$ cat model-v5.cif   # mmCIF, C-alpha atoms (C1' of nucleotides)
data_work
#
loop_
_atom_site.label_atom_id
_atom_site.label_comp_id
_atom_site.auth_asym_id
_atom_site.auth_seq_id
_atom_site.Cartn_x
_atom_site.Cartn_y
_atom_site.Cartn_z
CA MET A 25 79.29 135.36 168.76
CA ASN A 26 76.66 135.65 171.47
CA ILE A 27 73.42 133.75 171.37
CA GLY A 28 71.44 136.66 169.97
CA GLU A 29 73.50 136.94 166.84
CA VAL A 30 73.48 133.17 166.36
CA ALA A 31 69.72 133.17 166.78
CA GLU A 32 69.35 135.80 164.10
CA ARG A 33 71.74 134.16 161.69
CA SER A 34 70.42 130.63 162.18
CA GLY A 35 66.76 131.56 162.36
CA LEU A 36 66.36 129.60 165.60
CA PRO A 37 65.11 131.25 168.80
CA PRO A 38 67.64 131.57 171.66
CA LYS A 39 65.51 129.27 173.79
CA THR A 40 65.77 126.55 171.19
CA ILE A 41 69.52 126.99 170.88
CA ARG A 42 69.94 126.61 174.63
CA TYR A 43 67.71 123.56 174.49
CA TYR A 44 69.85 122.04 171.76
CA GLU A 45 72.88 122.53 173.95
CA ASP A 46 71.02 120.96 176.87
CA ILE A 47 70.36 117.80 174.93
CA GLY A 48 73.88 117.70 173.57
CA LEU A 49 73.36 118.60 169.93
CA ILE A 50 75.85 121.45 170.14
CA CYS A 51 78.54 122.32 172.63
CA PRO A 52 79.52 125.98 172.42
CA GLN A 53 82.44 127.31 174.43
CA ARG A 54 81.96 129.82 177.20
CA SER A 55 83.37 133.28 177.64
CA GLU A 56 84.77 134.39 181.00
CA ASN A 57 81.50 136.10 181.81
CA GLY A 58 79.61 132.82 181.43
CA TYR A 59 78.05 133.75 178.10
CA ARG A 60 77.99 131.12 175.38
CA ALA A 61 80.70 131.84 172.79
CA PHE A 62 79.60 130.39 169.46
CA ARG A 63 81.99 129.72 166.60
CA GLU A 64 81.16 129.46 162.94
CA THR A 65 80.99 125.66 163.22
CA ASP A 66 78.32 125.96 165.90
CA LEU A 67 76.32 128.28 163.70
CA HIS A 68 76.72 125.88 160.82
CA LYS A 69 75.44 122.99 162.93
CA LEU A 70 72.46 125.00 164.10
CA ALA A 71 71.55 125.92 160.55
CA PHE A 72 71.84 122.23 159.64
CA LEU A 73 69.52 121.37 162.51
CA GLY A 74 67.07 124.06 161.51
CA ARG A 75 66.81 122.69 158.00
CA ALA A 76 66.52 119.09 159.16
CA ARG A 77 63.78 120.03 161.61
CA ALA A 78 61.99 121.97 158.87
CA LEU A 79 61.90 118.73 156.88
CA GLY A 80 60.22 117.16 159.87
CA PHE A 81 63.08 114.96 161.09
CA SER A 82 62.86 114.14 164.78
CA ILE A 83 65.52 115.42 167.14
CA GLU A 84 66.99 111.93 167.37
CA ASP A 85 67.13 111.68 163.59
CA CYS A 86 68.79 115.08 163.55
CA ARG A 87 71.37 113.86 166.03
CA THR A 88 72.12 110.88 163.83
CA LEU A 89 72.22 112.95 160.65
CA LEU A 90 74.58 115.44 162.24
CA GLY A 91 76.79 112.58 163.31
CA LEU A 92 76.81 111.18 159.80
CA TYR A 93 77.50 114.60 158.37
CA GLU A 94 80.63 114.83 160.49
CA ASP A 95 81.69 111.25 159.85
CA GLU A 96 83.83 111.09 156.74
CA THR A 97 83.55 107.31 156.66
CA ARG A 98 79.76 107.36 156.40
CA GLU A 99 77.94 105.53 153.68
CA SER A 100 75.29 107.50 151.84
CA ALA A 101 73.03 104.46 152.18
CA GLN A 102 72.76 105.18 155.91
CA VAL A 103 71.54 108.68 155.25
CA LYS A 104 69.18 107.56 152.54
CA ALA A 105 67.68 104.90 154.81
CA ILE A 106 66.86 107.46 157.51
CA ALA A 107 65.38 109.81 154.96
CA ALA A 108 63.35 107.06 153.30
CA GLU A 109 61.91 105.92 156.59
CA HIS A 110 61.00 109.47 157.44
CA LEU A 111 59.38 109.92 154.05
CA SER A 112 57.24 106.89 154.62
CA ALA A 113 56.20 108.22 158.05
CA ILE A 114 55.22 111.47 156.34
CA ASP A 115 53.22 109.56 153.77
CA GLY A 116 51.43 107.76 156.57
CA LYS A 117 50.52 111.01 158.26
CA ILE A 118 49.32 112.54 155.01
CA ALA A 119 47.11 109.52 154.36
CA GLN A 120 45.65 109.72 157.84
CA LEU A 121 44.95 113.43 157.52
CA GLN A 122 43.41 112.98 154.10
CA ALA A 123 41.08 110.31 155.46
CA MET A 124 39.99 112.70 158.22
CA ARG A 125 39.65 115.45 155.65
CA GLU A 126 37.44 113.28 153.50
CA THR A 127 35.01 112.36 156.25
CA LEU A 128 34.99 115.81 157.75
CA SER A 129 34.32 117.65 154.53
CA HIS A 130 31.41 115.35 153.68
CA LEU A 131 29.90 116.04 157.08
CA ILE A 132 30.43 119.76 156.71
CA ASP A 133 28.78 119.75 153.32
CA ALA A 134 25.81 117.90 154.76
CA CYS A 135 25.33 120.41 157.59
CA HIS A 136 23.15 123.36 156.68
CA GLY A 137 24.81 125.50 159.34
CA ASP A 138 21.93 127.72 160.38
CA ASP A 139 20.06 128.44 163.62
CA ARG A 140 18.32 125.06 163.79
CA PRO A 141 19.69 122.37 166.11
CA ASP A 142 19.67 119.33 163.83
CA CYS A 143 23.16 118.61 162.59
CA PRO A 144 24.55 115.67 160.62
CA ILE A 145 27.98 116.23 162.15
CA LEU A 146 26.70 115.57 165.65
CA THR A 147 24.51 112.77 164.40
CA ASP A 148 27.53 111.06 162.92
CA LEU A 149 29.66 111.56 166.02
CA SER A 150 26.88 110.19 168.20
CA GLY A 151 27.18 106.93 166.32
CA LYS A 152 24.01 106.82 164.29
CA MET A 153 24.00 104.01 161.78
CA ALA A 154 22.29 106.02 159.08
CA GLY A 155 20.58 104.78 155.99
CA MET B 110 29.45 98.39 183.88
CA ASN B 111 33.02 98.39 185.07
CA ILE B 112 35.75 100.20 183.22
CA GLY B 113 36.98 97.08 181.43
CA GLU B 114 33.70 96.45 179.70
CA VAL B 115 33.33 100.12 178.79
CA ALA B 116 36.85 100.08 177.39
CA GLU B 117 36.03 97.13 175.20
CA ARG B 118 32.71 98.51 174.01
CA SER B 119 33.98 102.05 173.38
CA GLY B 120 37.34 101.04 171.95
CA LEU B 121 39.14 103.40 174.34
CA PRO B 122 41.79 102.12 176.77
CA PRO B 123 40.91 102.24 180.48
CA LYS B 124 43.71 104.75 181.05
CA THR B 125 42.14 107.12 178.57
CA ILE B 126 38.71 106.74 180.11
CA ARG B 127 40.09 107.60 183.55
CA TYR B 128 41.88 110.54 181.99
CA TYR B 129 38.64 111.76 180.42
CA GLU B 130 37.01 111.63 183.82
CA ASP B 131 39.97 113.52 185.30
CA ILE B 132 39.52 116.38 182.91
CA GLY B 133 35.77 116.41 183.35
CA LEU B 134 34.56 115.02 180.04
CA ILE B 135 32.58 112.29 181.75
CA CYS B 136 31.41 111.82 185.30
CA PRO B 137 30.57 108.17 186.03
CA GLN B 138 28.97 107.17 189.32
CA ARG B 139 30.77 104.99 191.83
CA SER B 140 29.88 101.63 193.31
CA GLU B 141 30.23 100.96 197.02
CA ASN B 142 33.58 99.31 196.43
CA GLY B 143 34.95 102.46 194.81
CA TYR B 144 34.81 101.12 191.28
CA ARG B 145 33.50 103.40 188.56
CA ALA B 146 29.93 102.42 187.63
CA PHE B 147 29.27 103.43 184.04
CA ARG B 148 25.82 103.80 182.57
CA GLU B 149 24.82 103.57 178.93
CA THR B 150 24.96 107.36 178.63
CA ASP B 151 28.59 107.34 179.76
CA LEU B 152 29.41 104.71 177.19
CA HIS B 153 27.60 106.74 174.57
CA LYS B 154 29.62 109.83 175.44
CA LEU B 155 32.86 107.91 175.32
CA ALA B 156 32.03 106.53 171.90
CA PHE B 157 31.23 110.08 170.77
CA LEU B 158 34.59 111.24 172.08
CA GLY B 159 36.38 108.38 170.40
CA ARG B 160 34.90 109.27 167.04
CA ALA B 161 35.56 112.98 167.45
CA ARG B 162 39.17 112.29 168.41
CA ALA B 163 39.52 109.96 165.44
CA LEU B 164 38.55 112.91 163.25
CA GLY B 165 41.39 114.83 164.87
CA PHE B 166 39.37 117.23 167.00
CA SER B 167 41.27 118.51 170.02
CA ILE B 168 40.07 117.63 173.49
CA GLU B 169 38.76 121.15 173.94
CA ASP B 170 36.86 120.90 170.67
CA CYS B 171 35.49 117.57 171.86
CA ARG B 172 34.34 119.18 175.08
CA THR B 173 32.54 121.87 173.14
CA LEU B 174 31.03 119.41 170.67
CA LEU B 175 29.78 117.21 173.48
CA GLY B 176 28.24 120.27 175.10
CA LEU B 177 26.52 121.19 171.86
CA TYR B 178 25.36 117.63 171.39
CA GLU B 179 23.59 117.76 174.73
CA ASP B 180 22.25 121.25 174.23
CA GLU B 181 18.88 121.09 172.51
CA THR B 182 18.96 124.81 171.83
CA ARG B 183 22.19 124.62 169.84
CA GLU B 184 22.45 126.07 166.35
CA SER B 185 23.99 123.79 163.77
CA ALA B 186 26.04 126.78 162.61
CA GLN B 187 28.06 126.52 165.81
CA VAL B 188 28.94 122.93 165.10
CA LYS B 189 29.71 123.65 161.49
CA ALA B 190 32.00 126.52 162.42
CA ILE B 191 34.09 124.31 164.70
CA ALA B 192 34.28 121.59 162.07
CA ALA B 193 35.18 124.05 159.33
CA GLU B 194 37.97 125.56 161.38
CA HIS B 195 39.30 122.11 162.13
CA LEU B 196 39.12 121.20 158.46
CA SER B 197 41.18 124.21 157.57
CA ALA B 198 43.76 123.29 160.20
CA ILE B 199 43.93 119.81 158.67
CA ASP B 200 44.39 121.32 155.23
CA GLY B 201 47.24 123.41 156.58
CA LYS B 202 48.95 120.36 158.02
CA ILE B 203 48.50 118.41 154.81
CA ALA B 204 50.03 121.24 152.81
CA GLN B 205 53.00 121.43 155.16
CA LEU B 206 53.57 117.69 155.02
CA GLN B 207 53.29 117.66 151.27
CA ALA B 208 55.89 120.40 150.98
CA MET B 209 58.24 118.34 153.17
CA ARG B 210 57.43 115.29 151.14
CA GLU B 211 58.27 117.08 147.94
CA THR B 212 61.69 118.27 149.05
CA LEU B 213 62.53 115.04 150.78
CA SER B 214 61.63 112.77 147.90
CA HIS B 215 63.73 114.86 145.50
CA LEU B 216 66.69 114.55 147.83
CA ILE B 217 66.17 110.82 148.23
CA ASP B 218 66.00 110.36 144.48
CA ALA B 219 69.25 112.26 144.11
CA CYS B 220 71.09 110.11 146.66
CA HIS B 221 72.69 107.01 145.21
CA GLY B 222 72.53 105.27 148.59
CA ASP B 223 75.63 103.11 148.43
CA ASP B 224 78.83 102.75 150.47
CA ARG B 225 80.36 106.04 149.36
CA PRO B 226 80.15 109.03 151.69
CA ASP B 227 79.00 111.76 149.32
CA CYS B 228 75.31 112.44 149.77
CA PRO B 229 73.08 115.17 148.33
CA ILE B 230 70.80 114.93 151.35
CA LEU B 231 73.56 115.98 153.73
CA THR B 232 74.82 118.53 151.25
CA ASP B 233 71.41 120.13 151.16
CA LEU B 234 71.02 120.10 154.94
CA SER B 235 74.45 121.64 155.34
CA GLY B 236 73.20 124.63 153.42
CA LYS B 237 75.02 124.39 150.15
CA MET B 238 73.78 126.90 147.64
CA ALA B 239 73.99 124.58 144.69
CA GLY B 240 74.08 125.44 141.04
"C1'" DC C 49 80.04 157.55 188.65
"C1'" DC C 50 75.36 156.17 188.29
"C1'" DT C 51 71.52 154.59 186.01
"C1'" DT C 52 68.84 152.50 182.56
"C1'" DG C 53 67.89 149.12 179.37
"C1'" DA C 54 69.10 145.30 176.69
"C1'" DG C 55 71.02 140.97 176.65
"C1'" DC C 56 72.60 137.05 178.89
"C1'" DC C 57 72.34 133.28 182.58
"C1'" DT C 58 69.83 129.22 185.15
"C1'" DC C 59 65.98 126.77 186.72
"C1'" DC C 60 61.13 125.54 186.98
"C1'" DA C 61 56.69 124.83 185.04
"C1'" DG C 62 53.50 124.21 181.28
"C1'" DT C 63 52.04 122.54 176.70
"C1'" DC C 64 48.95 118.07 174.46
"C1'" DA C 65 46.84 113.77 175.11
"C1'" DC C 66 47.82 110.36 176.84
"C1'" DT C 67 50.83 106.12 178.67
"C1'" DG C 68 53.60 103.29 181.87
"C1'" DG C 69 54.41 101.73 186.26
"C1'" DA C 70 54.21 101.21 191.36
"C1'" DA C 71 51.63 100.07 195.36
"C1'" DG C 72 47.52 98.48 197.14
"C1'" DC C 73 42.48 97.01 197.46
"C1'" DT C 74 38.50 93.80 195.56
"C1'" DT C 75 36.63 90.20 193.15
"C1'" DT C 76 36.60 85.74 190.92
"C1'" DA C 77 38.15 81.19 190.11
"C1'" DT C 78 40.35 77.17 191.65
"C1'" DA D 166 43.27 79.48 201.09
"C1'" DT D 167 45.40 81.29 197.41
"C1'" DA D 168 46.38 83.08 193.10
"C1'" DA D 169 45.17 85.78 189.22
"C1'" DA D 170 42.71 89.32 187.22
"C1'" DG D 171 40.67 93.66 187.63
"C1'" DC D 172 40.04 97.81 189.90
"C1'" DT D 173 41.90 102.07 192.55
"C1'" DT D 174 45.17 106.28 193.08
"C1'" DC D 175 49.25 108.81 192.26
"C1'" DC D 176 53.54 110.03 190.03
"C1'" DA D 177 56.49 110.43 186.16
"C1'" DG D 178 57.60 110.49 181.29
"C1'" DT D 179 56.73 111.42 176.28
"C1'" DG D 180 58.55 115.51 172.11
"C1'" DA D 181 60.25 119.65 171.29
"C1'" DC D 182 60.04 123.32 172.80
"C1'" DT D 183 58.12 127.86 175.25
"C1'" DG D 184 57.10 131.25 178.99
"C1'" DG D 185 58.41 133.35 183.01
"C1'" DA D 186 60.90 134.45 187.38
"C1'" DG D 187 64.95 136.06 189.40
"C1'" DG D 188 69.43 137.58 188.82
"C1'" DC D 189 74.04 138.78 186.53
"C1'" DT D 190 76.70 141.59 182.74
"C1'" DC D 191 77.41 144.97 179.40
"C1'" DA D 192 77.02 149.30 176.59
"C1'" DA D 193 75.32 153.95 176.25
"C1'" DG D 194 73.79 158.38 178.14
"C1'" DG D 195 73.79 162.07 181.63
#
$ encode --input "model-v5.cif" --output "structure tokens"
Amino acid sequence: MNIGEVAERSGLPPKTIRYYEDIGLICPQRSENGYRAFRETDLHKLAFLGRARALGFSIEDCRTLLGLYEDETRESAQVKAIAAEHLSAIDGKIAQLQAMRETLSHLIDACHGDDRPDCPILTDLSGKMAG
Amino acid sequence: MNIGEVAERSGLPPKTIRYYEDIGLICPQRSENGYRAFRETDLHKLAFLGRARALGFSIEDCRTLLGLYEDETRESAQVKAIAAEHLSAIDGKIAQLQAMRETLSHLIDACHGDDRPDCPILTDLSGKMAG
DNA sequence: CCTTGAGCCTCCAGTCACTGGAAGCTTTAT
DNA sequence: ATAAAGCTTCCAGTGACTGGAGGCTCAAGG
């Protein structure tokens, strides 16, 4: 398989696939013409990576997960620990975004949004200590 | 004021303040010794930037907001539009993270997390089409 | 056989918003 | 006089790609 077909079947762009080879996540063989020659196992790994990335795992987590996937002596606790830590990072981000969302939506509600210059959003950002 | 005092009073690290000057968000004067000489207005701007960044606005949004803040002929609708667009971007991110969270927490619940190798998390990532 | 276009290759630079560190000058305290 | 702290500039790195230049290979059409 050439990179184009692998890109289509894995859903990852060719650029990303080359990048994953660069950083050592996959190691496709080469044809005589210098083209990458992907096997089914490479495709499988790339699909794995695509799904892990879609769940928000970092590249380094993906590397570890792929290693565990290929290690028959793994303990599921190792996998679960990585996933649990990632989940808690996600929860942290959600909380942070929701806090922003809260403040921001209050400010937006308070702003009349017309052609006059006075604006509670700017007033808040400028550090007023309002009553 | 030297940069250290401004850093303390604005809550921004000196590195960040220098960076903001680099990209033209602030323009402090200089003392004879080459040190940046901040005035109250610079501090005020930096605090504004700090709060806008804390709400997740991009640097370019911050630049625009600061411009509007200093423009007495602004229309509050301009500010509101920027904030509303940002709010909708935040909502998008929250939705994406919550979708990840959903999938991930199901997988974590399904994984026994002991010393045995079989793991539903890896099975899912490997692309099983389960029944 | 030649050409055209698609597909592949490598390498470099840019993204975003900083952050770390090196090398060197100035000020302050002892 | 000296040492420490604080300031300066400049360069490089972060994460995970992405865009583009310049050039090679391959398949199809005339």
$ resolve_selection --input "model-v5.cif" --expression "the PyMOL selection byres ((chain A and resi 49) around 9)" --output "short mmCIF file (atom, residue, chain, number, x, y, z; two decimals) with C-alpha atoms, keeping the file's coordinate frame"
data_model
loop_
_atom_site.label_atom_id
_atom_site.label_comp_id
_atom_site.auth_asym_id
_atom_site.auth_seq_id
_atom_site.Cartn_x
_atom_site.Cartn_y
_atom_site.Cartn_z
CA TYR A 43 67.71 123.56 174.49
CA TYR A 44 69.85 122.04 171.76
CA GLU A 45 72.88 122.53 173.95
CA ASP A 46 71.02 120.96 176.87
CA ILE A 47 70.36 117.80 174.93
CA GLY A 48 73.88 117.70 173.57
CA ILE A 50 75.85 121.45 170.14
CA CYS A 51 78.54 122.32 172.63
CA LYS A 69 75.44 122.99 162.93
CA LEU A 70 72.46 125.00 164.10
CA LEU A 73 69.52 121.37 162.51
CA ILE A 83 65.52 115.42 167.14
CA CYS A 86 68.79 115.08 163.55
CA ARG A 87 71.37 113.86 166.03
CA LEU A 90 74.58 115.44 162.24
#
$ interface_residues --input "model-v5.cif" --of "chain A" --to "chain B" --cutoff "8 Å" --atoms "only C-alpha atoms" --output "ChimeraX atom specification"
/A:68-69,71-73,75-76,78-80,89,93,96-105,107-108,111,114-115,118,121-122,124-125,127-129,132,135-143,145-146,149-151
$ residues_around --input "model-v5.cif" --residues "region 60-77 of chain C" --least-positions-apart "6" --cutoff "9 Å" --atoms "all atoms listed in the file" --output "JSON, numbers by chain"
{"B": [124, 125, 128, 142, 167, 168], "D": [168, 169, 170, 171, 172, 173, 176, 177, 178, 179, 182, 183, 184, 185, 186]}
$ closest_residue --input "model-v5.cif" --among "D:DA181, D:DG188, D:DA193, D:DC175" --to "chain A" --atoms "all atoms listed in the file"
D:DA181
$ calpha_fit_and_write --input "model-v5.cif" --fixed "chain B" --moving "chain A" --output "PDB file with C-alpha atoms, in the frame of the given file"
ATOM      1  CA  MET A  25      29.392  98.434 183.906  1.00  0.00           C
ATOM      2  CA  ASN A  26      33.001  98.405 185.056  1.00  0.00           C
ATOM      3  CA  ILE A  27      35.742 100.174 183.193  1.00  0.00           C
ATOM      4  CA  GLY A  28      36.914  97.050 181.400  1.00  0.00           C
ATOM      5  CA  GLU A  29      33.626  96.443 179.685  1.00  0.00           C
ATOM      6  CA  VAL A  30      33.295 100.120 178.783  1.00  0.00           C
ATOM      7  CA  ALA A  31      36.802 100.054 177.366  1.00  0.00           C
ATOM      8  CA  GLU A  32      35.941  97.097 175.186  1.00  0.00           C
ATOM      9  CA  ARG A  33      32.642  98.495 174.014  1.00  0.00           C
ATOM     10  CA  SER A  34      33.922 102.015 173.370  1.00  0.00           C
ATOM     11  CA  GLY A  35      37.258 101.000 171.908  1.00  0.00           C
ATOM     12  CA  LEU A  36      39.083 103.339 174.295  1.00  0.00           C
ATOM     13  CA  PRO A  37      41.754 102.067 176.697  1.00  0.00           C
ATOM     14  CA  PRO A  38      40.895 102.190 180.430  1.00  0.00           C
ATOM     15  CA  LYS A  39      43.705 104.672 180.986  1.00  0.00           C
ATOM     16  CA  THR A  40      42.155 107.049 178.501  1.00  0.00           C
ATOM     17  CA  ILE A  41      38.723 106.692 180.065  1.00  0.00           C
ATOM     18  CA  ARG A  42      40.120 107.555 183.484  1.00  0.00           C
ATOM     19  CA  TYR A  43      41.917 110.491 181.921  1.00  0.00           C
ATOM     20  CA  TYR A  44      38.690 111.721 180.366  1.00  0.00           C
ATOM     21  CA  GLU A  45      37.079 111.607 183.773  1.00  0.00           C
ATOM     22  CA  ASP A  46      40.050 113.473 185.237  1.00  0.00           C
ATOM     23  CA  ILE A  47      39.609 116.341 182.836  1.00  0.00           C
ATOM     24  CA  GLY A  48      35.863 116.380 183.308  1.00  0.00           C
ATOM     25  CA  LEU A  49      34.624 115.013 180.003  1.00  0.00           C
ATOM     26  CA  ILE A  50      32.624 112.292 181.726  1.00  0.00           C
ATOM     27  CA  CYS A  51      31.467 111.828 185.281  1.00  0.00           C
ATOM     28  CA  PRO A  52      30.623 108.203 186.024  1.00  0.00           C
ATOM     29  CA  GLN A  53      29.050 107.230 189.327  1.00  0.00           C
ATOM     30  CA  ARG A  54      30.868 105.075 191.829  1.00  0.00           C
ATOM     31  CA  SER A  55      29.947 101.745 193.317  1.00  0.00           C
ATOM     32  CA  GLU A  56      30.345 101.112 197.048  1.00  0.00           C
ATOM     33  CA  ASN A  57      33.661  99.415 196.418  1.00  0.00           C
ATOM     34  CA  GLY A  58      35.038 102.560 194.777  1.00  0.00           C
ATOM     35  CA  TYR A  59      34.861 101.169 191.253  1.00  0.00           C
ATOM     36  CA  ARG A  60      33.539 103.432 188.524  1.00  0.00           C
ATOM     37  CA  ALA A  61      29.950 102.477 187.643  1.00  0.00           C
ATOM     38  CA  PHE A  62      29.291 103.460 184.037  1.00  0.00           C
ATOM     39  CA  ARG A  63      25.810 103.840 182.595  1.00  0.00           C
ATOM     40  CA  GLU A  64      24.796 103.610 178.980  1.00  0.00           C
ATOM     41  CA  THR A  65      24.956 107.408 178.665  1.00  0.00           C
ATOM     42  CA  ASP A  66      28.586 107.364 179.771  1.00  0.00           C
ATOM     43  CA  LEU A  67      29.377 104.723 177.197  1.00  0.00           C
ATOM     44  CA  HIS A  68      27.581 106.752 174.576  1.00  0.00           C
ATOM     45  CA  LYS A  69      29.615 109.843 175.443  1.00  0.00           C
ATOM     46  CA  LEU A  70      32.857 107.904 175.302  1.00  0.00           C
ATOM     47  CA  ALA A  71      32.003 106.515 171.893  1.00  0.00           C
ATOM     48  CA  PHE A  72      31.197 110.069 170.774  1.00  0.00           C
ATOM     49  CA  LEU A  73      34.572 111.210 172.065  1.00  0.00           C
ATOM     50  CA  GLY A  74      36.340 108.339 170.371  1.00  0.00           C
ATOM     51  CA  ARG A  75      34.860 109.247 167.017  1.00  0.00           C
ATOM     52  CA  ALA A  76      35.549 112.954 167.437  1.00  0.00           C
ATOM     53  CA  ARG A  77      39.152 112.244 168.390  1.00  0.00           C
ATOM     54  CA  ALA A  78      39.489 109.918 165.398  1.00  0.00           C
ATOM     55  CA  LEU A  79      38.520 112.877 163.213  1.00  0.00           C
ATOM     56  CA  GLY A  80      41.366 114.758 164.824  1.00  0.00           C
ATOM     57  CA  PHE A  81      39.357 117.183 166.967  1.00  0.00           C
ATOM     58  CA  SER A  82      41.275 118.454 169.974  1.00  0.00           C
ATOM     59  CA  ILE A  83      40.095 117.566 173.453  1.00  0.00           C
ATOM     60  CA  GLU A  84      38.798 121.102 173.912  1.00  0.00           C
ATOM     61  CA  ASP A  85      36.874 120.878 170.653  1.00  0.00           C
ATOM     62  CA  CYS A  86      35.505 117.554 171.834  1.00  0.00           C
ATOM     63  CA  ARG A  87      34.372 119.158 175.065  1.00  0.00           C
ATOM     64  CA  THR A  88      32.572 121.859 173.129  1.00  0.00           C
ATOM     65  CA  LEU A  89      31.043 119.409 170.666  1.00  0.00           C
ATOM     66  CA  LEU A  90      29.801 117.215 173.484  1.00  0.00           C
ATOM     67  CA  GLY A  91      28.272 120.256 175.105  1.00  0.00           C
ATOM     68  CA  LEU A  92      26.544 121.202 171.880  1.00  0.00           C
ATOM     69  CA  TYR A  93      25.369 117.653 171.392  1.00  0.00           C
ATOM     70  CA  GLU A  94      23.629 117.791 174.752  1.00  0.00           C
ATOM     71  CA  ASP A  95      22.277 121.293 174.247  1.00  0.00           C
ATOM     72  CA  GLU A  96      18.914 121.127 172.532  1.00  0.00           C
ATOM     73  CA  THR A  97      19.001 124.857 171.854  1.00  0.00           C
ATOM     74  CA  ARG A  98      22.213 124.654 169.836  1.00  0.00           C
ATOM     75  CA  GLU A  99      22.465 126.069 166.372  1.00  0.00           C
ATOM     76  CA  SER A 100      23.987 123.800 163.760  1.00  0.00           C
ATOM     77  CA  ALA A 101      26.039 126.786 162.602  1.00  0.00           C
ATOM     78  CA  GLN A 102      28.069 126.533 165.814  1.00  0.00           C
ATOM     79  CA  VAL A 103      28.942 122.941 165.101  1.00  0.00           C
ATOM     80  CA  LYS A 104      29.697 123.636 161.479  1.00  0.00           C
ATOM     81  CA  ALA A 105      32.007 126.512 162.411  1.00  0.00           C
ATOM     82  CA  ILE A 106      34.092 124.288 164.697  1.00  0.00           C
ATOM     83  CA  ALA A 107      34.260 121.590 162.069  1.00  0.00           C
ATOM     84  CA  ALA A 108      35.170 124.043 159.313  1.00  0.00           C
ATOM     85  CA  GLU A 109      37.961 125.542 161.353  1.00  0.00           C
ATOM     86  CA  HIS A 110      39.279 122.101 162.109  1.00  0.00           C
ATOM     87  CA  LEU A 111      39.111 121.176 158.443  1.00  0.00           C
ATOM     88  CA  SER A 112      41.166 124.185 157.544  1.00  0.00           C
ATOM     89  CA  ALA A 113      43.751 123.266 160.206  1.00  0.00           C
ATOM     90  CA  ILE A 114      43.907 119.797 158.661  1.00  0.00           C
ATOM     91  CA  ASP A 115      44.386 121.303 155.232  1.00  0.00           C
ATOM     92  CA  GLY A 116      47.231 123.385 156.596  1.00  0.00           C
ATOM     93  CA  LYS A 117      48.938 120.346 158.046  1.00  0.00           C
ATOM     94  CA  ILE A 118      48.501 118.382 154.838  1.00  0.00           C
ATOM     95  CA  ALA A 119      50.040 121.224 152.843  1.00  0.00           C
ATOM     96  CA  GLN A 120      52.981 121.419 155.208  1.00  0.00           C
ATOM     97  CA  LEU A 121      53.565 117.678 155.064  1.00  0.00           C
ATOM     98  CA  GLN A 122      53.283 117.644 151.297  1.00  0.00           C
ATOM     99  CA  ALA A 123      55.892 120.389 151.041  1.00  0.00           C
ATOM    100  CA  MET A 124      58.237 118.333 153.229  1.00  0.00           C
ATOM    101  CA  ARG A 125      57.406 115.272 151.175  1.00  0.00           C
ATOM    102  CA  GLU A 126      58.261 117.083 147.980  1.00  0.00           C
ATOM    103  CA  THR A 127      61.673 118.265 149.108  1.00  0.00           C
ATOM    104  CA  LEU A 128      62.513 115.032 150.839  1.00  0.00           C
ATOM    105  CA  SER A 129      61.635 112.781 147.947  1.00  0.00           C
ATOM    106  CA  HIS A 130      63.718 114.862 145.537  1.00  0.00           C
ATOM    107  CA  LEU A 131      66.681 114.559 147.870  1.00  0.00           C
ATOM    108  CA  ILE A 132      66.159 110.841 148.267  1.00  0.00           C
ATOM    109  CA  ASP A 133      66.003 110.371 144.530  1.00  0.00           C
ATOM    110  CA  ALA A 134      69.239 112.293 144.143  1.00  0.00           C
ATOM    111  CA  CYS A 135      71.084 110.146 146.697  1.00  0.00           C
ATOM    112  CA  HIS A 136      72.666 107.037 145.241  1.00  0.00           C
ATOM    113  CA  GLY A 137      72.536 105.303 148.615  1.00  0.00           C
ATOM    114  CA  ASP A 138      75.635 103.142 148.435  1.00  0.00           C
ATOM    115  CA  ASP A 139      78.840 102.777 150.461  1.00  0.00           C
ATOM    116  CA  ARG A 140      80.342 106.095 149.359  1.00  0.00           C
ATOM    117  CA  PRO A 141      80.151 109.098 151.691  1.00  0.00           C
ATOM    118  CA  ASP A 142      78.989 111.824 149.313  1.00  0.00           C
ATOM    119  CA  CYS A 143      75.307 112.492 149.797  1.00  0.00           C
ATOM    120  CA  PRO A 144      73.055 115.203 148.370  1.00  0.00           C
ATOM    121  CA  ILE A 145      70.781 114.949 151.401  1.00  0.00           C
ATOM    122  CA  LEU A 146      73.546 116.004 153.760  1.00  0.00           C
ATOM    123  CA  THR A 147      74.789 118.553 151.280  1.00  0.00           C
ATOM    124  CA  ASP A 148      71.375 120.158 151.207  1.00  0.00           C
ATOM    125  CA  LEU A 149      70.988 120.120 154.982  1.00  0.00           C
ATOM    126  CA  SER A 150      74.424 121.665 155.390  1.00  0.00           C
ATOM    127  CA  GLY A 151      73.163 124.670 153.484  1.00  0.00           C
ATOM    128  CA  LYS A 152      74.985 124.423 150.198  1.00  0.00           C
ATOM    129  CA  MET A 153      73.713 126.893 147.653  1.00  0.00           C
ATOM    130  CA  ALA A 154      74.002 124.506 144.742  1.00  0.00           C
ATOM    131  CA  GLY A 155      74.000 125.292 141.082  1.00  0.00           C
TER     132      GLY A 155
END
$ atom_distance --input "model-v5.cif" --atom1 "CA of Arg145 (chain B)" --atom2 "C1' of DT78 (chain C)"
27.3 Å
